[in-house]
$ cat entry21.cif   # mmCIF, C-alpha atoms and all ligand atoms
data_protein
#
loop_
_atom_site.group_PDB
_atom_site.id
_atom_site.type_symbol
_atom_site.label_atom_id
_atom_site.label_comp_id
_atom_site.auth_asym_id
_atom_site.auth_seq_id
_atom_site.Cartn_x
_atom_site.Cartn_y
_atom_site.Cartn_z
ATOM 1 C CA MET A 1 -6.668 -11.281 16.569
ATOM 2 C CA GLU A 2 -7.007 -9.129 13.454
ATOM 3 C CA LYS A 3 -10.384 -9.031 11.683
ATOM 4 C CA VAL A 4 -10.374 -9.117 7.914
ATOM 5 C CA HIS A 5 -13.122 -8.126 5.467
ATOM 6 C CA PHE A 6 -11.432 -8.448 2.095
ATOM 7 C CA THR A 7 -13.563 -9.103 -0.975
ATOM 8 C CA GLU A 8 -12.872 -10.191 -4.567
ATOM 9 C CA GLU A 9 -9.229 -10.007 -5.678
ATOM 10 C CA LYS A 10 -8.147 -8.674 -2.261
ATOM 11 C CA ALA A 11 -9.403 -11.878 -0.595
ATOM 12 C CA THR A 12 -7.209 -14.079 -2.788
ATOM 13 C CA ASN A 13 -4.116 -13.086 -0.794
ATOM 14 C CA LEU A 14 -5.550 -14.972 2.194
ATOM 15 C CA ALA A 15 -5.465 -18.180 0.137
ATOM 16 C CA THR A 16 -1.823 -17.777 -0.886
ATOM 17 C CA LEU A 17 -0.830 -16.769 2.660
ATOM 18 C CA TYR A 18 -2.579 -19.880 3.977
ATOM 19 C CA GLY A 19 -0.822 -22.016 1.336
ATOM 20 C CA ARG A 20 2.546 -20.824 2.637
ATOM 21 C CA ALA A 21 1.466 -21.437 6.246
ATOM 22 C CA LEU A 22 0.410 -25.016 5.387
ATOM 23 C CA ASP A 23 3.771 -25.526 3.688
ATOM 24 C CA TYR A 24 5.489 -24.335 6.880
ATOM 25 C CA ARG A 25 3.471 -26.863 8.911
ATOM 26 C CA SER A 26 4.229 -29.746 6.528
ATOM 27 C CA ALA A 27 6.840 -32.441 7.183
ATOM 28 C CA HIS A 28 9.138 -31.198 4.384
ATOM 29 C CA PRO A 29 8.563 -27.450 3.857
ATOM 30 C CA ILE A 30 9.690 -25.820 0.622
ATOM 31 C CA LEU A 31 9.637 -22.157 1.659
ATOM 32 C CA GLY A 32 9.759 -22.624 5.454
ATOM 33 C CA ASP A 33 7.868 -19.339 5.857
ATOM 34 C CA LYS A 34 7.324 -19.065 9.620
ATOM 35 C CA ALA A 35 6.146 -15.457 9.341
ATOM 36 C CA ALA A 36 3.261 -16.636 7.105
ATOM 37 C CA ASP A 37 2.219 -19.214 9.688
ATOM 38 C CA ASP A 38 2.445 -16.615 12.493
ATOM 39 C CA ALA A 39 0.288 -14.226 10.436
ATOM 40 C CA VAL A 40 -2.406 -16.865 9.774
ATOM 41 C CA ARG A 41 -2.597 -17.537 13.503
ATOM 42 C CA ARG A 42 -3.214 -13.824 14.144
ATOM 43 C CA ILE A 43 -5.985 -13.367 11.562
ATOM 44 C CA ASP A 44 -9.567 -14.006 12.675
ATOM 45 C CA TYR A 45 -10.767 -15.832 9.567
ATOM 46 C CA ASP A 46 -11.986 -19.306 8.664
ATOM 47 C CA PHE A 47 -9.129 -20.343 6.390
ATOM 48 C CA THR A 48 -10.624 -23.809 5.870
ATOM 49 C CA LYS A 49 -13.294 -22.408 3.517
ATOM 50 C CA ILE A 50 -10.781 -20.707 1.244
ATOM 51 C CA GLY A 51 -10.170 -23.441 -1.367
ATOM 52 C CA ILE A 52 -6.622 -24.327 -0.286
ATOM 53 C CA SER A 53 -5.710 -27.714 1.170
ATOM 54 C CA GLY A 54 -2.437 -29.661 1.362
ATOM 55 C CA ASP A 55 -1.984 -30.263 -2.372
ATOM 56 C CA ARG A 56 -3.067 -26.795 -3.480
ATOM 57 C CA ALA A 57 -0.679 -25.377 -0.886
ATOM 58 C CA ALA A 58 2.100 -27.095 -2.798
ATOM 59 C CA SER A 59 1.116 -25.246 -5.979
ATOM 60 C CA VAL A 60 1.327 -21.914 -4.100
ATOM 61 C CA VAL A 61 4.856 -22.535 -2.874
ATOM 62 C CA LEU A 62 5.981 -24.142 -6.142
ATOM 63 C CA ARG A 63 5.259 -20.783 -7.775
ATOM 64 C CA ALA A 64 6.822 -18.726 -4.995
ATOM 65 C CA LYS A 65 10.109 -20.637 -4.791
ATOM 66 C CA PRO A 66 11.597 -19.876 -8.233
ATOM 67 C CA ILE A 67 10.429 -16.270 -7.874
ATOM 68 C CA ASP A 68 12.295 -16.058 -4.540
ATOM 69 C CA ASP A 69 15.382 -17.649 -6.095
ATOM 70 C CA TRP A 70 15.459 -15.295 -9.108
ATOM 71 C CA ALA A 71 14.817 -12.262 -6.899
ATOM 72 C CA ALA A 72 17.626 -13.279 -4.505
ATOM 73 C CA GLU A 73 19.962 -13.668 -7.479
ATOM 74 C CA TYR A 74 19.136 -10.159 -8.735
ATOM 75 C CA LEU A 75 19.670 -8.656 -5.277
ATOM 76 C CA ARG A 76 23.039 -10.404 -4.914
ATOM 77 C CA ASP A 77 24.161 -8.706 -8.139
ATOM 78 C CA HIS A 78 22.453 -5.343 -7.371
ATOM 79 C CA PRO A 79 22.831 -4.534 -3.661
ATOM 80 C CA ASP A 80 21.812 -0.925 -4.443
ATOM 81 C CA ALA A 81 18.481 -1.929 -6.025
ATOM 82 C CA ILE A 82 15.021 -0.847 -5.131
ATOM 83 C CA VAL A 83 12.378 -3.562 -5.055
ATOM 84 C CA LEU A 84 8.779 -3.007 -6.092
ATOM 85 C CA HIS A 85 6.726 -5.918 -4.832
ATOM 86 C CA LEU A 86 3.428 -5.332 -6.639
ATOM 87 C CA GLY A 87 0.173 -6.927 -5.483
ATOM 88 C CA CYS A 88 2.153 -8.071 -2.435
ATOM 89 C CA GLY A 89 -0.951 -9.111 -0.496
ATOM 90 C CA LEU A 90 0.181 -10.478 2.867
ATOM 91 C CA ASP A 91 3.288 -12.073 1.432
ATOM 92 C CA THR A 92 6.394 -12.063 3.651
ATOM 93 C CA ARG A 93 8.895 -12.165 0.796
ATOM 94 C CA PHE A 94 10.788 -9.253 2.415
ATOM 95 C CA GLN A 95 11.340 -11.428 5.507
ATOM 96 C CA ARG A 96 12.206 -14.526 3.443
ATOM 97 C CA LEU A 97 14.825 -12.765 1.316
ATOM 98 C CA ALA A 98 16.108 -10.486 4.109
ATOM 99 C CA PRO A 99 17.724 -8.012 1.682
ATOM 100 C CA PRO A 100 20.730 -5.936 2.830
ATOM 101 C CA GLU A 101 19.981 -2.453 4.188
ATOM 102 C CA THR A 102 21.306 -0.939 0.964
ATOM 103 C CA VAL A 103 18.239 -2.337 -0.829
ATOM 104 C CA HIS A 104 14.991 -0.416 -0.369
ATOM 105 C CA TRP A 105 11.861 -2.565 -0.616
ATOM 106 C CA TYR A 106 8.377 -1.252 -1.470
ATOM 107 C CA ASP A 107 5.346 -3.490 -0.892
ATOM 108 C CA VAL A 108 2.370 -2.229 -2.937
ATOM 109 C CA ASP A 109 -1.264 -3.330 -2.691
ATOM 110 C CA TYR A 110 -4.690 -1.759 -2.100
ATOM 111 C CA PRO A 111 -4.941 0.471 1.031
ATOM 112 C CA GLU A 112 -7.021 -2.022 3.070
ATOM 113 C CA VAL A 113 -4.489 -4.793 2.382
ATOM 114 C CA VAL A 114 -1.592 -2.538 3.390
ATOM 115 C CA GLU A 115 -3.464 -1.539 6.551
ATOM 116 C CA LEU A 116 -3.573 -5.193 7.624
ATOM 117 C CA ARG A 117 0.076 -5.740 6.640
ATOM 118 C CA GLU A 118 1.045 -2.889 8.944
ATOM 119 C CA LYS A 119 -0.726 -4.543 11.872
ATOM 120 C CA LEU A 120 0.799 -7.948 11.177
ATOM 121 C CA TYR A 121 4.402 -7.244 10.258
ATOM 122 C CA PRO A 122 7.126 -5.137 11.901
ATOM 123 C CA GLY A 123 8.523 -2.194 9.922
ATOM 124 C CA ALA A 124 12.171 -1.863 8.854
ATOM 125 C CA PRO A 125 14.250 1.179 7.850
ATOM 126 C CA ASN A 126 14.624 -0.166 4.298
ATOM 127 C CA HIS A 127 10.967 -1.141 3.893
ATOM 128 C CA THR A 128 7.926 0.933 2.847
ATOM 129 C CA ASN A 129 4.313 -0.116 2.321
ATOM 130 C CA ILE A 130 2.328 1.773 -0.330
ATOM 131 C CA GLY A 131 -1.464 1.528 -0.244
ATOM 132 C CA SER A 132 -2.691 2.081 -3.804
ATOM 133 C CA SER A 133 -3.948 0.259 -6.826
ATOM 134 C CA VAL A 134 -0.855 -0.435 -8.923
ATOM 135 C CA THR A 135 -2.693 1.057 -11.901
ATOM 136 C CA ASP A 136 -3.340 4.437 -10.191
ATOM 137 C CA PHE A 137 0.116 5.419 -11.319
ATOM 138 C CA GLY A 138 0.593 8.341 -8.893
ATOM 139 C CA TRP A 139 2.162 5.921 -6.352
ATOM 140 C CA LEU A 140 5.267 5.743 -8.553
ATOM 141 C CA GLY A 141 6.063 9.295 -7.403
ATOM 142 C CA GLN A 142 6.885 7.895 -3.931
ATOM 143 C CA VAL A 143 9.681 5.705 -5.278
ATOM 144 C CA PRO A 144 13.210 6.903 -6.197
ATOM 145 C CA HIS A 145 13.917 6.175 -9.844
ATOM 146 C CA ASP A 146 17.681 6.597 -10.089
ATOM 147 C CA ARG A 147 18.570 3.020 -9.114
ATOM 148 C CA PRO A 148 18.182 -0.417 -10.699
ATOM 149 C CA ALA A 149 14.733 -1.833 -10.010
ATOM 150 C CA LEU A 150 13.646 -5.345 -9.239
ATOM 151 C CA ILE A 151 9.926 -5.594 -9.874
ATOM 152 C CA VAL A 152 8.176 -8.675 -8.543
ATOM 153 C CA ALA A 153 4.494 -9.367 -9.164
ATOM 154 C CA GLU A 154 3.289 -12.793 -8.087
ATOM 155 C CA GLY A 155 -0.379 -13.590 -8.648
ATOM 156 C CA LEU A 156 -1.129 -10.062 -9.879
ATOM 157 C CA THR A 157 -1.094 -9.760 -13.669
ATOM 158 C CA MET A 158 -4.188 -11.926 -14.254
ATOM 159 C CA TYR A 159 -6.307 -9.575 -12.095
ATOM 160 C CA LEU A 160 -5.457 -6.550 -14.243
ATOM 161 C CA LYS A 161 -7.287 -5.510 -17.397
ATOM 162 C CA PRO A 162 -4.892 -6.177 -20.314
ATOM 163 C CA GLU A 163 -4.662 -2.492 -21.287
ATOM 164 C CA SER A 164 -3.874 -1.431 -17.675
ATOM 165 C CA GLY A 165 -1.325 -4.231 -17.309
ATOM 166 C CA THR A 166 0.561 -3.275 -20.452
ATOM 167 C CA GLU A 167 0.394 0.423 -19.518
ATOM 168 C CA LEU A 168 1.904 -0.468 -16.106
ATOM 169 C CA VAL A 169 4.738 -2.364 -17.802
ATOM 170 C CA ARG A 170 5.456 0.531 -20.177
ATOM 171 C CA ARG A 171 5.537 3.066 -17.324
ATOM 172 C CA LEU A 172 7.850 0.916 -15.181
ATOM 173 C CA VAL A 173 10.246 0.323 -18.057
ATOM 174 C CA ALA A 174 10.321 4.057 -18.878
ATOM 175 C CA ARG A 175 10.877 5.122 -15.261
ATOM 176 C CA PHE A 176 13.968 3.161 -14.159
ATOM 177 C CA PRO A 177 17.482 3.107 -15.658
ATOM 178 C CA SER A 178 17.450 -0.716 -15.737
ATOM 179 C CA GLY A 179 15.902 -3.637 -13.970
ATOM 180 C CA GLU A 180 14.141 -6.953 -14.021
ATOM 181 C CA LEU A 181 10.478 -7.872 -13.912
ATOM 182 C CA ILE A 182 9.725 -11.263 -12.373
ATOM 183 C CA CYS A 183 6.096 -12.304 -12.479
ATOM 184 C CA ASP A 184 3.687 -15.066 -13.380
ATOM 185 C CA LEU A 185 1.301 -15.096 -16.316
ATOM 186 C CA PHE A 186 -1.887 -17.057 -16.975
ATOM 187 C CA SER A 187 -2.789 -18.105 -20.515
ATOM 188 C CA ARG A 188 -6.025 -17.027 -22.187
ATOM 189 C CA THR A 189 -7.296 -20.599 -21.630
ATOM 190 C CA ALA A 190 -6.674 -20.240 -17.875
ATOM 191 C CA ILE A 191 -8.653 -16.984 -17.945
ATOM 192 C CA ARG A 192 -11.520 -18.689 -19.810
ATOM 193 C CA MET A 193 -11.469 -21.627 -17.348
ATOM 194 C CA GLN A 194 -11.266 -19.430 -14.233
ATOM 195 C CA LYS A 195 -14.346 -21.010 -12.644
ATOM 196 C CA LEU A 196 -12.205 -24.142 -12.125
ATOM 197 C CA ASN A 197 -9.783 -22.149 -9.955
ATOM 198 C CA ALA A 198 -11.262 -22.703 -6.465
ATOM 199 C CA PRO A 199 -9.457 -19.923 -4.508
ATOM 200 C CA VAL A 200 -10.351 -17.360 -7.207
ATOM 201 C CA ARG A 201 -13.980 -18.537 -7.412
ATOM 202 C CA LYS A 202 -14.423 -18.644 -3.634
ATOM 203 C CA ALA A 203 -13.020 -15.124 -3.277
ATOM 204 C CA GLY A 204 -15.514 -13.892 -5.899
ATOM 205 C CA ALA A 205 -12.584 -12.480 -7.898
ATOM 206 C CA THR A 206 -12.431 -12.062 -11.680
ATOM 207 C CA LEU A 207 -9.416 -12.733 -13.886
ATOM 208 C CA TYR A 208 -8.948 -10.662 -17.047
ATOM 209 C CA TRP A 209 -5.443 -10.683 -18.520
ATOM 210 C CA GLY A 210 -4.224 -13.791 -20.283
ATOM 211 C CA VAL A 211 -0.849 -14.052 -22.047
ATOM 212 C CA ASP A 212 -0.219 -17.198 -24.098
ATOM 213 C CA ASP A 213 3.372 -16.564 -25.111
ATOM 214 C CA PRO A 214 5.691 -14.724 -22.651
ATOM 215 C CA HIS A 215 7.402 -13.090 -25.673
ATOM 216 C CA GLU A 216 4.184 -11.049 -26.163
ATOM 217 C CA LEU A 217 5.326 -8.626 -23.425
ATOM 218 C CA GLU A 218 8.571 -7.883 -25.271
ATOM 219 C CA ARG A 219 6.701 -5.371 -27.410
ATOM 220 C CA HIS A 220 6.381 -3.188 -24.272
ATOM 221 C CA GLY A 221 10.130 -2.717 -23.776
ATOM 222 C CA LEU A 222 11.071 -5.957 -22.004
ATOM 223 C CA THR A 223 13.506 -8.709 -22.979
ATOM 224 C CA LEU A 224 12.574 -12.208 -21.903
ATOM 225 C CA VAL A 225 15.421 -13.839 -19.962
ATOM 226 C CA SER A 226 13.797 -17.009 -18.588
ATOM 227 C CA SER A 227 10.414 -18.606 -18.702
ATOM 228 C CA LEU A 228 9.157 -21.719 -16.914
ATOM 229 C CA ASP A 229 5.835 -23.341 -17.680
ATOM 230 C CA ALA A 230 4.001 -24.997 -14.788
ATOM 231 C CA ALA A 231 5.612 -28.389 -15.393
ATOM 232 C CA HIS A 232 9.054 -26.927 -14.694
ATOM 233 C CA TRP A 233 8.691 -24.870 -11.491
ATOM 234 C CA ALA A 234 10.086 -27.570 -9.202
ATOM 235 C CA THR A 235 13.827 -28.213 -9.086
ATOM 236 C CA PRO A 236 14.903 -31.802 -8.286
ATOM 237 C CA GLU A 237 15.556 -30.684 -4.703
ATOM 238 C CA VAL A 238 12.006 -29.297 -4.417
ATOM 239 C CA LEU A 239 10.519 -32.376 -6.129
ATOM 240 C CA ALA A 240 12.006 -34.564 -3.419
ATOM 241 C CA ARG A 241 9.966 -32.676 -0.817
ATOM 242 C CA LEU A 242 6.615 -33.046 -2.546
ATOM 243 C CA GLY A 243 3.913 -35.526 -1.623
ATOM 244 C CA PRO A 244 2.813 -38.261 -4.070
ATOM 245 C CA VAL A 245 -0.321 -36.400 -5.261
ATOM 246 C CA THR A 246 1.606 -33.267 -6.262
ATOM 247 C CA ARG A 247 4.355 -35.350 -7.902
ATOM 248 C CA PHE A 248 1.674 -37.167 -9.905
ATOM 249 C CA GLN A 249 0.102 -33.834 -10.949
ATOM 250 C CA LEU A 250 3.494 -32.586 -12.110
ATOM 251 C CA ARG A 251 4.063 -35.771 -14.147
ATOM 252 C CA LEU A 252 0.674 -35.170 -15.753
ATOM 253 C CA LEU A 253 1.700 -31.606 -16.655
ATOM 254 C CA LYS A 254 4.868 -32.937 -18.284
ATOM 255 C CA VAL A 255 2.914 -35.285 -20.555
ATOM 256 C CA ILE A 256 0.241 -32.681 -21.388
ATOM 257 C CA PRO A 257 2.272 -29.595 -22.404
ATOM 258 C CA ALA A 258 -0.903 -27.678 -23.323
ATOM 259 C CA LEU A 259 -1.929 -27.894 -19.658
ATOM 260 C CA ALA A 260 1.541 -26.880 -18.438
ATOM 261 C CA ARG A 261 1.456 -23.810 -20.684
ATOM 262 C CA THR A 262 -1.629 -22.385 -18.935
ATOM 263 C CA ALA A 263 0.753 -20.718 -16.453
ATOM 264 C CA HIS A 264 4.295 -19.372 -16.721
ATOM 265 C CA ILE A 265 6.768 -17.812 -14.352
ATOM 266 C CA VAL A 266 8.815 -15.310 -16.294
ATOM 267 C CA ARG A 267 11.851 -13.132 -15.869
ATOM 268 C CA TYR A 268 12.402 -10.098 -18.080
ATOM 269 C CA ARG A 269 15.215 -7.568 -18.264
ATOM 270 C CA PHE A 270 14.890 -3.936 -19.289
HETATM 271 C C1 LIG B 301 -3.487 -13.856 -5.499
HETATM 272 S S1 LIG B 301 -3.164 -12.459 -4.467
HETATM 273 C C2 LIG B 301 -1.388 -12.590 -4.440
HETATM 274 C C3 LIG B 301 -0.796 -11.875 -3.266
HETATM 275 C C4 LIG B 301 0.693 -12.100 -3.090
HETATM 276 N N1 LIG B 301 1.465 -11.669 -4.215
HETATM 277 C C5 LIG B 301 0.963 -13.556 -2.796
HETATM 278 O O1 LIG B 301 1.553 -14.245 -3.649
HETATM 279 O O2 LIG B 301 0.557 -13.988 -1.729
HETATM 280 C C6 LIG B 301 -3.463 -11.061 -5.531
HETATM 281 C C7 LIG B 301 -3.121 -9.743 -4.900
HETATM 282 O O3 LIG B 301 -3.120 -8.747 -5.919
HETATM 283 C C8 LIG B 301 -3.715 -7.591 -5.383
HETATM 284 N N2 LIG B 301 -4.190 -6.764 -6.484
HETATM 285 C C9 LIG B 301 -5.021 -7.125 -7.490
HETATM 286 N N3 LIG B 301 -5.224 -6.071 -8.308
HETATM 287 C C10 LIG B 301 -4.502 -5.038 -7.796
HETATM 288 C C11 LIG B 301 -4.311 -3.692 -8.175
HETATM 289 N N4 LIG B 301 -4.889 -3.174 -9.256
HETATM 290 N N5 LIG B 301 -3.496 -2.923 -7.406
HETATM 291 C C12 LIG B 301 -2.898 -3.415 -6.306
HETATM 292 N N6 LIG B 301 -3.039 -4.696 -5.896
HETATM 293 C C13 LIG B 301 -3.845 -5.491 -6.636
HETATM 294 C C14 LIG B 301 -4.825 -8.108 -4.489
HETATM 295 O O4 LIG B 301 -5.272 -7.143 -3.568
HETATM 296 C C15 LIG B 301 -4.135 -9.298 -3.842
HETATM 297 O O5 LIG B 301 -3.470 -8.930 -2.667
#
$ encode --input "entry21.cif" --output "structure tokens"
Amino acid sequence: MEKVHFTEEKATNLATLYGRALDYRSAHPILGDKAADDAVRRIDYDFTKIGISGDRAASVVLRAKPIDDWAAEYLRDHPDAIVLHLGCGLDTRFQRLAPPETVHWYDVDYPEVVELREKLYPGAPNHTNIGSSVTDFGWLGQVPHDRPALIVAEGLTMYLKPESGTELVRRLVARFPSGELICDLFSRTAIRMQKLNAPVRKAGATLYWGVDDPHELERHGLTLVSSLDAAHWATPEVLARLGPVTRFQLRLLKVIPALARTAHIVRYRF
């Protein structure tokens, strides 16, 4: 068993990992992420106190699924890409997407998170872990910058200070010949209401960066390609797998657009 002593924002990756494990154990999984379930079973931690239960688990995988689908699409079109998976936590997206060996994948998170990843997950020739804050920009020197880049950041932007987040975007856009950024954004209302977010509160984490309109990031060199508010993350196929409580919550989001707009999944090109 692996011990874990994460605090604040680092501890939030245990909640999302657990959400994916619960999805795997459910009758109709959406991600089917066996590696997440295996990892949870190897971590010596009381996951029941983390603020994630069956229905919240659905919200974790509802966010992950379109991000997986968009990322897979990019990699199909760019088999020579490099992938920067920022704020990767303990996510097993590399295993889920199983990119071809011509793609090189970099998982980036704080050193203590990467240390645990290395104990939990096998290495691969086309995979590198980087232990650094994403906003200590020296880590970018470890990554080749002559290939198209797919940058994925799920559950990261809201933990960054706005000025560091926009600086990160500007540096990434300037560094690679072309690419896509796929990430999620919280609105300023979601940042103000963060005490209602149980996994964030229980981890003792603080959220800083809110973006109300995904077009706001276009001023940093990005072009918005797609944007889904929280009422539109589930495809009909995914909807069919959800339990009645989550389906009801999604119906509620559809009739209260202001609530749906507190979170977006976005895809930008540069
Ligand atoms: C909510 S978790 C999401 C983890 C993962 N993307 C997932 O979906 O399971 C947030 C992650 O962002 C990481 N993080 C927050 N700020 C960071 C920073 N400045 N540099 C690197 N990682 C950061 C945390 O350590 C944590 O692993």
$ atom_distance --input "entry21.cif" --atom1 "CA of His220 in chain A" --atom2 "CA of Glu163 in chain A"
11.5 Å
$ residues_near_ligand --input "entry21.cif" --ligand "ligand LIG 301 (chain B)" --cutoff "6 Å" --atoms "all atoms listed in the file" --output "list of chain:residue names"
A:Glu9, A:Lys10, A:Thr12, A:Asn13, A:Thr16, A:Leu17, A:Gly87, A:Cys88, A:Gly89, A:Leu90, A:Asp91, A:Asp109, A:Tyr110, A:Ser133, A:Val134, A:Thr135, A:Glu154, A:Gly155, A:Leu156, A:Tyr159, A:Leu160
$ residues_around --input "entry21.cif" --residues "Ile191 in chain A" --least-positions-apart "3" --cutoff "7 Å" --atoms "only C-alpha atoms" --output "list in words"
Phe186, Ser187, Arg188, Gln194, Leu207, Tyr208 and Gly210 of chain A
$ residues_around --input "entry21.cif" --residues "Gln142 in chain A" --least-positions-apart "4" --cutoff "10 Å" --atoms "only C-alpha atoms" --output "VMD selection string"
chain A and resid 106 128 130 138
$ residues_around --input "entry21.cif" --residues "Ile182 in chain A" --least-positions-apart "2" --cutoff "8 Å" --atoms "all atoms listed in the file" --output "ChimeraX atom specification"
/A:67,70-71,150-154,180,184,265-268
$ build_atoms --input "entry21.cif" --residues "range 22-40 of chain A" --atoms "N, CA, C and O atoms" --output "PDB file, keeping the file's coordinate frame"
ATOM      1  N   LEU A  22       0.536 -23.551   5.408  1.00  0.00           N
ATOM      2  CA  LEU A  22       0.410 -25.016   5.387  1.00  0.00           C
ATOM      3  C   LEU A  22       1.740 -25.654   4.996  1.00  0.00           C
ATOM      4  O   LEU A  22       2.122 -26.693   5.526  1.00  0.00           O
ATOM      5  N   ASP A  23       2.448 -25.012   4.070  1.00  0.00           N
ATOM      6  CA  ASP A  23       3.771 -25.526   3.688  1.00  0.00           C
ATOM      7  C   ASP A  23       4.692 -25.506   4.912  1.00  0.00           C
ATOM      8  O   ASP A  23       5.414 -26.478   5.172  1.00  0.00           O
ATOM      9  N   TYR A  24       4.632 -24.430   5.692  1.00  0.00           N
ATOM     10  CA  TYR A  24       5.489 -24.335   6.880  1.00  0.00           C
ATOM     11  C   TYR A  24       5.182 -25.464   7.866  1.00  0.00           C
ATOM     12  O   TYR A  24       6.068 -26.014   8.507  1.00  0.00           O
ATOM     13  N   ARG A  25       3.883 -25.832   7.939  1.00  0.00           N
ATOM     14  CA  ARG A  25       3.471 -26.863   8.911  1.00  0.00           C
ATOM     15  C   ARG A  25       3.725 -28.278   8.393  1.00  0.00           C
ATOM     16  O   ARG A  25       3.565 -29.234   9.129  1.00  0.00           O
ATOM     17  N   SER A  26       4.093 -28.412   7.115  1.00  0.00           N
ATOM     18  CA  SER A  26       4.229 -29.746   6.528  1.00  0.00           C
ATOM     19  C   SER A  26       5.551 -30.383   6.977  1.00  0.00           C
ATOM     20  O   SER A  26       6.449 -29.718   7.491  1.00  0.00           O
ATOM     21  N   ALA A  27       5.652 -31.700   6.736  1.00  0.00           N
ATOM     22  CA  ALA A  27       6.840 -32.441   7.183  1.00  0.00           C
ATOM     23  C   ALA A  27       8.100 -31.963   6.453  1.00  0.00           C
ATOM     24  O   ALA A  27       9.186 -31.930   7.027  1.00  0.00           O
ATOM     25  N   HIS A  28       7.956 -31.587   5.170  1.00  0.00           N
ATOM     26  CA  HIS A  28       9.138 -31.198   4.384  1.00  0.00           C
ATOM     27  C   HIS A  28       8.871 -29.860   3.698  1.00  0.00           C
ATOM     28  O   HIS A  28       8.617 -29.809   2.489  1.00  0.00           O
ATOM     29  N   PRO A  29       8.914 -28.751   4.448  1.00  0.00           N
ATOM     30  CA  PRO A  29       8.563 -27.450   3.857  1.00  0.00           C
ATOM     31  C   PRO A  29       9.483 -27.059   2.703  1.00  0.00           C
ATOM     32  O   PRO A  29      10.655 -27.431   2.683  1.00  0.00           O
ATOM     33  N   ILE A  30       8.908 -26.305   1.768  1.00  0.00           N
ATOM     34  CA  ILE A  30       9.690 -25.820   0.622  1.00  0.00           C
ATOM     35  C   ILE A  30      10.154 -24.386   0.869  1.00  0.00           C
ATOM     36  O   ILE A  30      11.303 -24.045   0.655  1.00  0.00           O
ATOM     37  N   LEU A  31       9.253 -23.547   1.365  1.00  0.00           N
ATOM     38  CA  LEU A  31       9.637 -22.157   1.659  1.00  0.00           C
ATOM     39  C   LEU A  31      10.055 -21.986   3.129  1.00  0.00           C
ATOM     40  O   LEU A  31      10.847 -21.114   3.443  1.00  0.00           O
ATOM     41  N   GLY A  32       9.453 -22.761   4.022  1.00  0.00           N
ATOM     42  CA  GLY A  32       9.759 -22.624   5.454  1.00  0.00           C
ATOM     43  C   GLY A  32       9.415 -21.237   5.976  1.00  0.00           C
ATOM     44  O   GLY A  32      10.181 -20.624   6.719  1.00  0.00           O
ATOM     45  N   ASP A  33       8.238 -20.732   5.583  1.00  0.00           N
ATOM     46  CA  ASP A  33       7.868 -19.339   5.857  1.00  0.00           C
ATOM     47  C   ASP A  33       7.127 -19.229   7.201  1.00  0.00           C
ATOM     48  O   ASP A  33       5.908 -19.227   7.260  1.00  0.00           O
ATOM     49  N   LYS A  34       7.932 -19.122   8.278  1.00  0.00           N
ATOM     50  CA  LYS A  34       7.324 -19.065   9.620  1.00  0.00           C
ATOM     51  C   LYS A  34       6.463 -17.822   9.802  1.00  0.00           C
ATOM     52  O   LYS A  34       5.412 -17.850  10.440  1.00  0.00           O
ATOM     53  N   ALA A  35       6.903 -16.714   9.189  1.00  0.00           N
ATOM     54  CA  ALA A  35       6.146 -15.457   9.341  1.00  0.00           C
ATOM     55  C   ALA A  35       4.740 -15.613   8.764  1.00  0.00           C
ATOM     56  O   ALA A  35       3.774 -15.035   9.287  1.00  0.00           O
ATOM     57  N   ALA A  36       4.596 -16.412   7.687  1.00  0.00           N
ATOM     58  CA  ALA A  36       3.261 -16.636   7.105  1.00  0.00           C
ATOM     59  C   ALA A  36       2.396 -17.411   8.100  1.00  0.00           C
ATOM     60  O   ALA A  36       1.215 -17.095   8.306  1.00  0.00           O
ATOM     61  N   ASP A  37       2.976 -18.418   8.712  1.00  0.00           N
ATOM     62  CA  ASP A  37       2.219 -19.214   9.688  1.00  0.00           C
ATOM     63  C   ASP A  37       1.828 -18.338  10.888  1.00  0.00           C
ATOM     64  O   ASP A  37       0.687 -18.383  11.360  1.00  0.00           O
ATOM     65  N   ASP A  38       2.762 -17.518  11.365  1.00  0.00           N
ATOM     66  CA  ASP A  38       2.445 -16.615  12.493  1.00  0.00           C
ATOM     67  C   ASP A  38       1.301 -15.684  12.112  1.00  0.00           C
ATOM     68  O   ASP A  38       0.398 -15.429  12.910  1.00  0.00           O
ATOM     69  N   ALA A  39       1.331 -15.170  10.871  1.00  0.00           N
ATOM     70  CA  ALA A  39       0.288 -14.226  10.436  1.00  0.00           C
ATOM     71  C   ALA A  39      -1.070 -14.915  10.400  1.00  0.00           C
ATOM     72  O   ALA A  39      -2.070 -14.367  10.885  1.00  0.00           O
ATOM     73  N   VAL A  40      -1.125 -16.128   9.850  1.00  0.00           N
ATOM     74  CA  VAL A  40      -2.406 -16.865   9.774  1.00  0.00           C
ATOM     75  C   VAL A  40      -2.982 -17.046  11.186  1.00  0.00           C
ATOM     76  O   VAL A  40      -4.186 -16.897  11.406  1.00  0.00           O
TER      77      VAL A  40
END
